[in-house]
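Quick look at protein-v1.txt (compact mmCIF, C-alpha atoms and all ligand atoms):
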```txt
# COMPACT_ATOMS: atom_id res chain seq x y z
CA ALA A 222 16.55 -18.52 1.10
CA PRO A 223 14.35 -15.53 1.99
CA ILE A 224 14.92 -11.98 0.71
CA GLN A 225 16.72 -10.22 3.54
CA ALA A 226 16.33 -6.68 4.82
CA PRO A 227 18.81 -4.59 2.81
CA ASP A 228 22.09 -3.08 3.85
CA LEU A 229 20.87 0.47 4.42
CA GLY A 230 24.36 1.85 4.09
CA ASP A 231 24.41 0.55 0.56
CA CYS A 232 21.44 2.51 -0.83
CA HIS A 233 22.14 3.91 -4.28
CA GLN A 234 20.46 5.77 -7.13
CA PRO A 235 17.21 3.97 -7.87
CA VAL A 236 17.73 1.97 -11.06
CA ASP A 237 14.07 1.77 -12.11
CA VAL A 238 13.23 5.48 -12.15
CA PRO A 239 12.63 6.55 -15.77
CA ALA A 240 15.05 8.96 -17.40
CA THR A 241 12.24 11.51 -17.84
CA ALA A 242 11.80 11.85 -14.07
CA PRO A 243 13.49 14.74 -12.24
CA ALA A 244 16.66 13.85 -10.32
CA ILE A 245 15.59 12.42 -6.98
CA ASN A 246 17.11 10.81 -3.96
CA CYS A 247 15.16 7.80 -2.70
CA CYS A 248 17.48 6.74 0.08
CA PRO A 249 15.93 7.12 3.51
CA THR A 250 17.93 8.68 6.33
CA TYR A 251 20.47 6.32 7.75
CA SER A 252 23.48 6.83 9.95
CA THR A 253 26.17 4.20 9.84
CA GLY A 254 26.10 1.89 12.79
CA THR A 255 22.40 2.28 13.59
CA VAL A 256 21.33 -0.98 15.18
CA ALA A 257 17.98 -2.43 14.17
CA VAL A 258 15.60 -3.96 16.66
CA ASP A 259 13.45 -6.96 15.79
CA PHE A 260 9.77 -6.21 15.47
CA THR A 261 7.54 -6.91 18.43
CA PRO A 262 3.77 -6.56 18.12
CA PRO A 263 2.05 -3.86 20.19
CA PRO A 264 0.70 -4.99 23.59
CA ALA A 265 -2.53 -6.95 23.24
CA SER A 266 -4.15 -4.42 25.55
CA SER A 267 -3.43 -1.44 23.28
CA PRO A 268 -6.45 0.12 21.58
CA LEU A 269 -7.67 -1.32 18.29
CA ARG A 270 -7.32 1.25 15.51
CA VAL A 271 -10.41 1.12 13.33
CA ARG A 272 -9.68 2.41 9.86
CA PRO A 273 -12.67 4.31 8.47
CA ALA A 274 -13.84 4.42 4.85
CA ALA A 275 -12.59 7.77 3.52
CA HIS A 276 -15.99 8.76 2.13
CA LEU A 277 -17.65 8.16 5.51
CA ALA A 278 -15.10 9.98 7.66
CA ASP A 279 -16.65 12.75 9.76
CA ARG A 280 -15.37 16.26 10.38
CA ALA A 281 -13.77 15.47 13.72
CA TYR A 282 -11.82 12.61 12.19
CA LEU A 283 -10.79 14.70 9.21
CA ALA A 284 -9.52 17.47 11.50
CA LYS A 285 -7.33 14.96 13.35
CA TYR A 286 -6.02 13.36 10.19
CA GLU A 287 -5.20 16.72 8.60
CA ARG A 288 -3.43 17.87 11.72
CA ALA A 289 -1.36 14.69 11.84
CA VAL A 290 -0.31 14.93 8.19
CA SER A 291 0.51 18.59 8.49
CA LEU A 292 2.71 17.87 11.53
CA MET A 293 4.40 15.05 9.60
CA LYS A 294 5.09 17.45 6.74
CA LYS A 295 6.65 19.91 9.17
CA LEU A 296 9.13 17.47 10.70
CA PRO A 297 12.75 18.13 9.70
CA ALA A 298 13.35 16.59 6.28
CA ASP A 299 15.95 14.18 7.65
CA ASP A 300 13.73 12.86 10.45
CA PRO A 301 12.81 9.32 9.34
CA ARG A 302 9.22 10.01 10.35
CA SER A 303 8.83 13.08 8.13
CA PHE A 304 6.59 12.98 5.10
CA GLU A 305 9.66 13.56 2.94
CA GLN A 306 11.29 10.44 4.34
CA GLN A 307 8.14 8.38 4.27
CA TRP A 308 7.68 8.50 0.51
CA ARG A 309 11.32 7.68 0.01
CA VAL A 310 10.86 4.38 1.80
CA HIS A 311 8.40 3.34 -0.88
CA CYS A 312 10.64 4.67 -3.64
CA ALA A 313 13.69 2.83 -2.32
CA TYR A 314 11.96 -0.57 -2.11
CA CYS A 315 10.11 -0.09 -5.38
CA ASP A 316 12.66 1.40 -7.70
CA GLY A 317 15.77 -0.60 -7.04
CA ALA A 318 17.72 1.59 -4.62
CA TYR A 319 18.78 -1.52 -2.69
CA ASP A 320 20.54 -4.63 -3.85
CA GLN A 321 19.70 -8.01 -2.37
CA VAL A 322 22.04 -8.97 0.45
CA GLY A 323 24.70 -11.23 -1.06
CA PHE A 324 23.69 -10.42 -4.66
CA PRO A 325 25.30 -7.18 -5.76
CA GLY A 326 23.54 -5.69 -8.76
CA LEU A 327 20.34 -7.66 -8.17
CA GLU A 328 17.66 -5.30 -6.91
CA ILE A 329 15.09 -5.72 -4.17
CA GLN A 330 11.61 -5.15 -5.57
CA ILE A 331 8.54 -5.64 -3.42
CA HIS A 332 6.00 -5.35 -6.25
CA SER A 333 4.84 -8.08 -8.57
CA CYS A 334 5.67 -10.89 -6.15
CA TRP A 335 4.51 -12.49 -2.91
CA LEU A 336 6.00 -9.66 -0.80
CA PHE A 337 3.49 -7.11 -2.12
CA PHE A 338 0.82 -7.48 0.58
CA PRO A 339 3.08 -7.95 3.63
CA TRP A 340 5.45 -5.11 2.74
CA HIS A 341 2.69 -2.57 2.10
CA ARG A 342 0.84 -3.66 5.25
CA MET A 343 3.83 -2.78 7.40
CA TYR A 344 4.56 0.41 5.50
CA LEU A 345 1.04 1.60 6.41
CA TYR A 346 1.34 0.22 9.92
CA PHE A 347 4.31 2.41 10.79
CA HIS A 348 3.00 5.41 8.86
CA GLU A 349 -0.25 5.22 10.84
CA ARG A 350 1.53 4.93 14.17
CA ILE A 351 3.77 7.88 13.39
CA LEU A 352 0.71 10.00 12.53
CA GLY A 353 -1.02 8.91 15.74
CA LYS A 354 2.04 9.69 17.81
CA LEU A 355 2.30 13.19 16.33
CA ILE A 356 -1.18 14.06 17.58
CA GLY A 357 -0.91 12.02 20.79
CA ASP A 358 -3.72 9.66 19.75
CA GLU A 359 -3.14 5.94 20.15
CA THR A 360 -6.42 5.17 18.44
CA PHE A 361 -5.62 7.08 15.26
CA ALA A 362 -6.23 5.01 12.12
CA LEU A 363 -5.65 5.79 8.45
CA PRO A 364 -8.71 5.97 6.19
CA PHE A 365 -9.25 3.55 3.31
CA TRP A 366 -10.46 4.35 -0.19
CA ASN A 367 -13.46 2.08 -0.40
CA TRP A 368 -13.24 1.64 -4.19
CA ASP A 369 -14.94 -1.74 -4.05
CA ALA A 370 -18.29 -0.17 -3.07
CA PRO A 371 -20.42 2.15 -5.26
CA ASP A 372 -20.17 5.09 -2.83
CA GLY A 373 -16.39 4.84 -2.83
CA MET A 374 -16.04 4.66 -6.62
CA SER A 375 -14.73 8.17 -7.14
CA PHE A 376 -11.73 10.09 -5.87
CA PRO A 377 -12.16 10.50 -2.07
CA ALA A 378 -13.28 14.08 -1.49
CA ILE A 379 -11.26 14.59 1.71
CA TYR A 380 -8.08 14.54 -0.41
CA ALA A 381 -9.40 16.95 -3.01
CA ASN A 382 -9.49 20.15 -0.94
CA ARG A 383 -6.78 22.42 -2.25
CA TRP A 384 -6.14 23.96 1.20
CA SER A 385 -5.70 20.65 2.97
CA PRO A 386 -2.37 18.91 3.72
CA LEU A 387 -3.99 15.88 2.05
CA TYR A 388 -3.96 17.68 -1.29
CA ASP A 389 -1.49 16.96 -4.07
CA PRO A 390 -1.51 19.08 -7.26
CA ARG A 391 -0.08 16.24 -9.37
CA ARG A 392 -3.28 14.34 -10.07
CA ASN A 393 -5.54 13.83 -13.04
CA GLN A 394 -7.72 16.96 -12.97
CA ALA A 395 -10.41 15.24 -15.05
CA HIS A 396 -10.92 12.63 -12.32
CA LEU A 397 -11.88 14.86 -9.42
CA PRO A 398 -14.97 13.82 -7.47
CA PRO A 399 -17.67 12.93 -8.37
CA PHE A 400 -16.16 11.63 -11.63
CA PRO A 401 -16.67 7.84 -11.58
CA LEU A 402 -13.68 5.56 -11.05
CA ASP A 403 -12.92 2.79 -13.54
CA LEU A 404 -11.28 -0.10 -11.69
CA ASP A 405 -9.90 -1.43 -14.96
CA TYR A 406 -8.62 1.94 -16.22
CA SER A 407 -5.99 1.64 -18.89
CA GLY A 408 -5.53 5.23 -20.01
CA THR A 409 -8.86 6.28 -21.52
CA ASP A 410 -12.11 6.99 -19.76
CA PRO A 411 -14.99 4.68 -20.59
CA THR A 412 -18.05 6.21 -22.21
CA ILE A 413 -20.67 3.93 -20.65
CA PRO A 414 -23.21 5.41 -18.20
CA LYS A 415 -22.21 5.60 -14.56
CA ASP A 416 -24.51 2.83 -13.29
CA GLN A 417 -23.11 0.45 -15.89
CA LEU A 418 -19.58 1.36 -14.90
CA ILE A 419 -20.42 0.63 -11.26
CA ASP A 420 -21.76 -2.80 -12.19
CA GLN A 421 -18.67 -3.44 -14.23
CA ASN A 422 -16.49 -2.46 -11.27
CA LEU A 423 -18.37 -4.85 -8.99
CA ASN A 424 -17.86 -7.63 -11.53
CA ILE A 425 -14.15 -6.85 -11.59
CA MET A 426 -14.00 -7.09 -7.81
CA TYR A 427 -15.79 -10.42 -7.91
CA ARG A 428 -13.44 -11.74 -10.56
CA GLN A 429 -10.21 -10.48 -8.97
CA ALA A 430 -10.97 -11.06 -5.33
CA ILE A 431 -13.10 -14.20 -5.36
CA HIS A 432 -13.94 -16.05 -8.51
CA GLU A 433 -10.50 -17.02 -9.72
CA LEU A 434 -9.53 -17.88 -6.20
CA ARG A 435 -12.46 -20.23 -5.73
CA LEU A 436 -11.60 -21.95 -8.99
CA ASP A 437 -8.03 -22.21 -7.93
CA MET A 438 -8.87 -23.79 -4.59
CA ILE A 439 -9.66 -26.90 -6.55
CA SER A 440 -6.07 -27.12 -7.67
CA GLY A 441 -4.87 -26.60 -4.11
CA ALA A 442 -1.30 -25.44 -3.87
CA ARG A 443 -1.48 -22.57 -6.31
CA LYS A 444 -4.34 -20.74 -4.71
CA ALA A 445 -2.26 -18.44 -2.54
CA GLN A 446 -0.02 -17.46 -5.44
CA LEU A 447 -2.93 -16.40 -7.55
CA PHE A 448 -3.99 -13.83 -5.00
CA MET A 449 -0.69 -13.01 -3.27
CA GLY A 450 1.75 -13.06 -6.19
CA GLN A 451 4.54 -15.39 -7.24
CA PRO A 452 7.41 -16.65 -5.03
CA TYR A 453 10.45 -14.39 -4.90
CA ARG A 454 13.53 -15.58 -3.05
CA ALA A 455 17.10 -14.44 -2.49
CA GLY A 456 18.93 -14.53 -5.80
CA ASP A 457 15.75 -14.33 -7.92
CA GLN A 458 15.20 -11.74 -10.62
CA PRO A 459 12.61 -9.15 -9.52
CA GLU A 460 8.92 -9.20 -10.50
CA PRO A 461 8.14 -12.90 -10.96
CA GLY A 462 4.43 -12.05 -11.20
CA ALA A 463 1.70 -10.08 -9.44
CA GLY A 464 -1.36 -11.43 -7.66
CA THR A 465 -4.87 -10.73 -8.95
CA VAL A 466 -5.65 -7.66 -6.82
CA GLU A 467 -2.22 -6.12 -7.35
CA SER A 468 -2.74 -6.33 -11.13
CA VAL A 469 -6.33 -5.08 -11.01
CA PRO A 470 -7.59 -2.88 -9.43
CA HIS A 471 -4.40 -1.81 -7.62
CA ASN A 472 -2.42 -0.83 -10.71
CA PRO A 473 -5.28 0.82 -12.66
CA VAL A 474 -6.29 2.93 -9.64
CA HIS A 475 -2.72 4.25 -9.42
CA ARG A 476 -2.77 5.13 -13.07
CA TRP A 477 -6.26 6.66 -12.93
CA THR A 478 -5.16 8.99 -10.12
CA GLY A 479 -1.83 10.17 -11.54
CA ASP A 480 -1.45 13.37 -13.53
CA PRO A 481 -1.27 12.90 -17.31
CA ARG A 482 0.42 16.33 -17.62
CA GLN A 483 3.50 14.91 -15.85
CA PRO A 484 6.10 12.90 -17.77
CA ASN A 485 5.32 9.60 -15.99
CA GLY A 486 1.86 10.13 -14.50
CA GLU A 487 3.36 11.47 -11.27
CA ASP A 488 2.57 11.27 -8.48
CA MET A 489 0.34 8.21 -8.14
CA GLY A 490 0.86 6.87 -11.64
CA ILE A 491 4.42 5.65 -11.13
CA PHE A 492 6.07 3.86 -8.22
CA TYR A 493 8.87 6.25 -7.37
CA SER A 494 6.56 9.20 -6.65
CA ALA A 495 3.33 7.40 -5.70
CA ALA A 496 3.68 7.84 -1.95
CA ARG A 497 4.20 11.60 -2.29
CA ASP A 498 0.42 11.74 -2.70
CA PRO A 499 -1.32 11.27 0.67
CA VAL A 500 -4.12 9.37 -1.10
CA PHE A 501 -1.58 6.57 -1.62
CA PHE A 502 -2.15 5.52 1.98
CA ALA A 503 -5.94 5.36 1.54
CA HIS A 504 -5.57 3.38 -1.69
CA HIS A 505 -3.26 0.90 0.01
CA GLY A 506 -5.57 0.76 3.01
CA ASN A 507 -8.16 -0.80 0.74
CA VAL A 508 -5.62 -3.05 -0.96
CA ASP A 509 -4.64 -4.31 2.49
CA ARG A 510 -8.29 -4.69 3.40
CA MET A 511 -8.68 -7.12 0.49
CA TRP A 512 -6.01 -9.37 2.00
CA HIS A 513 -7.66 -9.08 5.40
CA ILE A 514 -11.07 -9.96 3.94
CA ARG A 515 -9.68 -12.89 2.02
CA ARG A 516 -8.00 -14.38 5.05
CA GLY A 517 -10.73 -13.63 7.52
CA LEU A 518 -13.96 -14.13 5.64
CA LEU A 519 -13.38 -16.15 2.54
CA PHE A 520 -10.72 -18.61 3.55
CA PRO A 521 -10.76 -18.88 7.34
CA GLY A 522 -7.55 -20.29 8.68
CA ASP A 523 -5.75 -19.97 5.37
CA THR A 524 -2.07 -19.36 6.02
CA ASP A 525 -1.30 -18.09 2.50
CA PHE A 526 2.13 -19.72 2.29
CA THR A 527 3.90 -21.90 4.82
CA ASP A 528 7.19 -21.56 2.94
CA PRO A 529 9.92 -20.13 5.23
CA ASP A 530 11.28 -18.19 2.25
CA TRP A 531 8.11 -16.15 2.51
CA LEU A 532 7.62 -16.16 6.29
CA ASP A 533 11.21 -15.14 7.01
CA ALA A 534 11.61 -12.51 4.29
CA SER A 535 12.43 -9.25 6.07
CA PHE A 536 12.41 -5.46 5.62
CA PHE A 537 13.40 -2.37 7.56
CA PHE A 538 11.13 0.46 8.61
CA TYR A 539 11.46 3.28 11.11
CA ASP A 540 8.84 3.25 13.83
CA GLU A 541 7.06 6.09 15.64
CA GLU A 542 10.05 6.48 17.97
CA ALA A 543 12.39 6.70 14.96
CA ARG A 544 13.85 3.31 15.82
CA LEU A 545 14.99 1.10 12.97
CA VAL A 546 12.87 -2.07 13.05
CA ARG A 547 13.40 -5.37 11.24
CA VAL A 548 10.05 -6.89 10.28
CA ARG A 549 9.53 -10.41 8.99
CA VAL A 550 6.61 -11.47 6.85
CA ARG A 551 5.50 -13.78 9.66
CA ASP A 552 4.97 -10.67 11.83
CA THR A 553 2.49 -9.19 9.38
CA LEU A 554 -0.16 -11.87 9.06
CA ASP A 555 -2.67 -10.93 11.72
CA PRO A 556 -4.17 -7.42 11.79
CA ALA A 557 -5.74 -8.10 15.19
CA ALA A 558 -2.29 -8.73 16.65
CA LEU A 559 -1.10 -5.54 14.96
CA ARG A 560 -4.07 -3.79 16.61
CA PHE A 561 -5.84 -2.47 13.55
CA THR A 562 -8.99 -3.36 11.69
CA TYR A 563 -11.36 -1.88 9.12
CA GLN A 564 -14.74 -0.27 9.50
CA ASP A 565 -17.32 -2.83 8.43
CA VAL A 566 -18.89 -1.43 5.28
CA GLY A 567 -20.10 -4.62 3.62
CA LEU A 568 -18.96 -6.31 0.43
CA PRO A 569 -21.36 -5.43 -2.37
CA TRP A 570 -19.32 -7.45 -4.89
CA LEU A 571 -19.58 -10.79 -3.10
CA ASN A 572 -22.45 -11.84 -5.33
CA ALA A 573 -21.59 -9.71 -8.34
CA LYS A 574 -20.98 -12.70 -10.57
CA PRO A 575 -20.92 -11.41 -14.14
CU1 LIG B 1 3.96 0.06 -3.74
CU2 LIG B 1 0.52 0.79 -4.88
O1 LIG B 1 2.38 0.59 -4.83
```

Hey, can you dump this file as structure tokens for me?
Ligand code: C2O
Amino acid sequence: APIQAPDLGDCHQPVDVPATAPAINCCPTYSTGTVAVDFTPPPASSPLRVRPAAHLADRAYLAKYERAVSLMKKLPADDPRSFEQQWRVHCAYCDGAYDQVGFPGLEIQIHSCWLFFPWHRMYLYFHERILGKLIGDETFALPFWNWDAPDGMSFPAIYANRWSPLYDPRRNQAHLPPFPLDLDYSGTDPTIPKDQLIDQNLNIMYRQAIHELRLDMISGARKAQLFMGQPYRAGDQPEPGAGTVESVPHNPVHRWTGDPRQPNGEDMGIFYSAARDPVFFAHHGNVDRMWHIRRGLLFPGDTDFTDPDWLDASFFFYDEEARLVRVRVRDTLDPAALRFTYQDVGLPWLNAKP
């Protein structure tokens, strides 16, 4: 059976937060008796939101984005659309604040399994729509950190301005732009010259996003798992296994961004606090873009999984009207139907065979 959207009234202390973290509450606002609505896609006639590469965003866009985030940060802390509530949603689903319905004591974990891409897609979807609503702009789109292209292989400068609402002090101060990003970062900075590092990054992208997947197409059934992550059903232990892009570069980029002066690499370097850093949403924009690219360009018509335990897995989010919405994985598969897409910036790693 599919993992079901949790009982929100049953949110508890997150079990996966390390003991060295400050005391936190991950449970999003919820009042008993709130009735959830089932997700419906936006009208086909609504504007397409085109997510720009963060390093290409112009001043007018940046002004809008900063205004939206600052308004989100000013919402009352208990408004489900506030920045304070938004990061909790990630914390709750990522650190074991919910048990699986029907399995007390068995946590819901949306990482390291086949729910990784769909869950994060919808988390960004609602976050983006809330931001757009706050500035009255139906075309507003989140930026993406284009770390798969040489010009995006450093921390995106729009987040590095100390006076901006996009700033977060808990980041690795040695990795500010233009310091080059290592997509395979494991705790120490490489000493190779920058152009070599860029080539290495492109090779990593080729390996993680294409090569293994092409090989795996030969074996048929397993190909989706390699990219998407392992099956995870009701009653299963969490974290059966991550897909290629979740493992690398998703995890290393988190770690590279987080602050080594903090006990657990907060904010970006550990799940519970990751979404307190606004750059989280740009990082996950590009992660989501990888799924979009895979489905659209590399494997046209690929349905990932046809298993109803995947398609009918469900989650709760609050939408831009602060309504509680139940989303199923089957609702998440088509960005065009969700009315967003990505700026076309090319794929310099497509032929970067090592
Ligand atoms: Cu839910 Cu990048 O982590």

If you take only C-alpha atoms and a cut-off of 10 Å, which residues of segment 273-383 of chain A touch segment 443-453 of chain A, and what are their nearest atom pairs and distances in Å to one decimal, in chain and number order, as a tab-separated table?
```
residue	atom	partner	partner_atom	distance
A:Ile329	CA	A:Tyr453	CA	9.9
A:Gln330	CA	A:Tyr453	CA	9.3
A:Ile331	CA	A:Tyr453	CA	9.1
A:His332	CA	A:Gly450	CA	8.8
A:Ser333	CA	A:Gly450	CA	6.3
A:Cys334	CA	A:Gly450	CA	4.5
A:Trp335	CA	A:Gly450	CA	4.3
A:Leu336	CA	A:Gly450	CA	7.7
A:Phe337	CA	A:Met449	CA	7.3
A:Phe338	CA	A:Met449	CA	6.9
A:Pro339	CA	A:Met449	CA	9.4
```

Exercise for review: Check every protein, DNA and RNA residue against ligand LIG 1 (chain B), keep those with an atom at most 8 Å away (counting all atoms listed in the file), and present them as a PyMOL selection string.
Suggested key: chain A and resi 311+315+331-332+337+341+467+471-472+475+492+495-496+501+504-505

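Picture a line from atom CA of Ser267 of chain A to atom CA of Phe361 of chain A; it runs 11.9 Å.
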
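Atom CA of Leu418 of chain A to atom CA of Asp480 of chain A spans 21.8 Å [interatomic distance, one decimal].
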
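Our summary of the geometry notes that atom CA of Arg551 of chain A is positioned 24.4 Å from atom CA of Gly353 of chain A.
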
Excluding segment 428-431 of chain A and residues on its chain fewer than 5 positions from it, collect all residues at most 10 Å away from it, counting all atoms listed in the file, and give them as a PDB file with C-alpha atoms, in the coordinates of the input.
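Result saved to out.pdb:
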```
ATOM      1  CA  ASN A 422     -16.490  -2.460 -11.270  1.00  0.00           C
ATOM      2  CA  LEU A 423     -18.370  -4.850  -8.990  1.00  0.00           C
ATOM      3  CA  LEU A 436     -11.600 -21.950  -8.990  1.00  0.00           C
ATOM      4  CA  ASP A 437      -8.030 -22.210  -7.930  1.00  0.00           C
ATOM      5  CA  LEU A 447      -2.930 -16.400  -7.550  1.00  0.00           C
ATOM      6  CA  PHE A 448      -3.990 -13.830  -5.000  1.00  0.00           C
ATOM      7  CA  GLY A 464      -1.360 -11.430  -7.660  1.00  0.00           C
ATOM      8  CA  THR A 465      -4.870 -10.730  -8.950  1.00  0.00           C
ATOM      9  CA  VAL A 466      -5.650  -7.660  -6.820  1.00  0.00           C
ATOM     10  CA  GLU A 467      -2.220  -6.120  -7.350  1.00  0.00           C
ATOM     11  CA  SER A 468      -2.740  -6.330 -11.130  1.00  0.00           C
ATOM     12  CA  VAL A 469      -6.330  -5.080 -11.010  1.00  0.00           C
ATOM     13  CA  PRO A 470      -7.590  -2.880  -9.430  1.00  0.00           C
ATOM     14  CA  MET A 511      -8.680  -7.120   0.490  1.00  0.00           C
ATOM     15  CA  TRP A 512      -6.010  -9.370   2.000  1.00  0.00           C
ATOM     16  CA  ILE A 514     -11.070  -9.960   3.940  1.00  0.00           C
ATOM     17  CA  ARG A 515      -9.680 -12.890   2.020  1.00  0.00           C
ATOM     18  CA  LEU A 519     -13.380 -16.150   2.540  1.00  0.00           C
ATOM     19  CA  TRP A 570     -19.320  -7.450  -4.890  1.00  0.00           C
ATOM     20  CA  LEU A 571     -19.580 -10.790  -3.100  1.00  0.00           C
ATOM     21  CA  ASN A 572     -22.450 -11.840  -5.330  1.00  0.00           C
ATOM     22  CA  ALA A 573     -21.590  -9.710  -8.340  1.00  0.00           C
ATOM     23  CA  LYS A 574     -20.980 -12.700 -10.570  1.00  0.00           C
ATOM     24  CA  PRO A 575     -20.920 -11.410 -14.140  1.00  0.00           C
TER      25      PRO A 575
END
```

Review point. Which residues come within 8 Å of segment 524-539 of chain A, counting all atoms listed in the file, excluding same-chain residues fewer than 6 positions away, as an MDAnalysis selection string?
Key: chainID A and resid 222:227 301:302 310 335:336 340 344 347 445 449 452:454 516 545:551

Review point. Contacts of segment 283-290 of chain A at 9 Å or less, counting only C-alpha atoms, minus same-chain residues fewer than 5 places along, as a PyMOL selection string?
Key: chain A and resi 278+295+304+351-356+361-364+379+385-387+499

Study note, to complete from the structure: The residue from A:Lys294, A:Arg510, A:Arg383, A:Arg350 with the smallest atom-to-atom distance to Arg497 of chain A, counting only C-alpha atoms, is A:Lys294

**Study point:** Close residues, Phe365 of chain A itself excluded, 9 Å, all atoms listed in the file, min 3 positions apart in chain, as a PyMOL selection string
**Key:** chain A and resi 272-276+368+500+502-508+510+563

Write out as a tab-separated table (two decimals) with C-alpha atoms, in the frame of the given file the residues lying within 9 Å of Gly323 of chain A, counting all atoms listed in the file and excluding same-chain residues fewer than 3 positions away.
```tsv
chain	number	residue	atom	x	y	z
A	320	ASP	CA	20.54	-4.63	-3.85
A	455	ALA	CA	17.10	-14.44	-2.49
A	456	GLY	CA	18.93	-14.53	-5.80
```

Study note, to complete from the structure: If you count all atoms listed in the file, the residue of A:Pro399, A:Pro325, A:Pro414, A:Pro249 closest to Ala378 of chain A turns out to be A:Pro399

**Study point:** Closest of A:Thr553, A:Gln306, A:Asn424, A:Gln564 to Tyr346 of chain A - atom-to-atom distances counting all atoms listed in the file
**Key:**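 Closest residue, counting all atoms listed in the file: A:Thr553.
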
Around all of segment 465-481 of chain A's listed atoms, make the axis-aligned box with 8 Å on each side and tell me centre and edge lengths in Å to one decimal, as lines of an AutoDock Vina configuration file.
```
center_x = -4.4
center_y = 1.3
center_z = -12.1
size_x = 22.3
size_y = 40.1
size_z = 26.5
```

Point to revise | Selected residue of minimal separation from Leu554 of chain A among A:Asp509, A:Asp498, A:Glu541, A:Asp457, counting only C-alpha atoms | key: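 Among the listed residues, the smallest separation from Leu554 of chain A belongs to A:Asp509.
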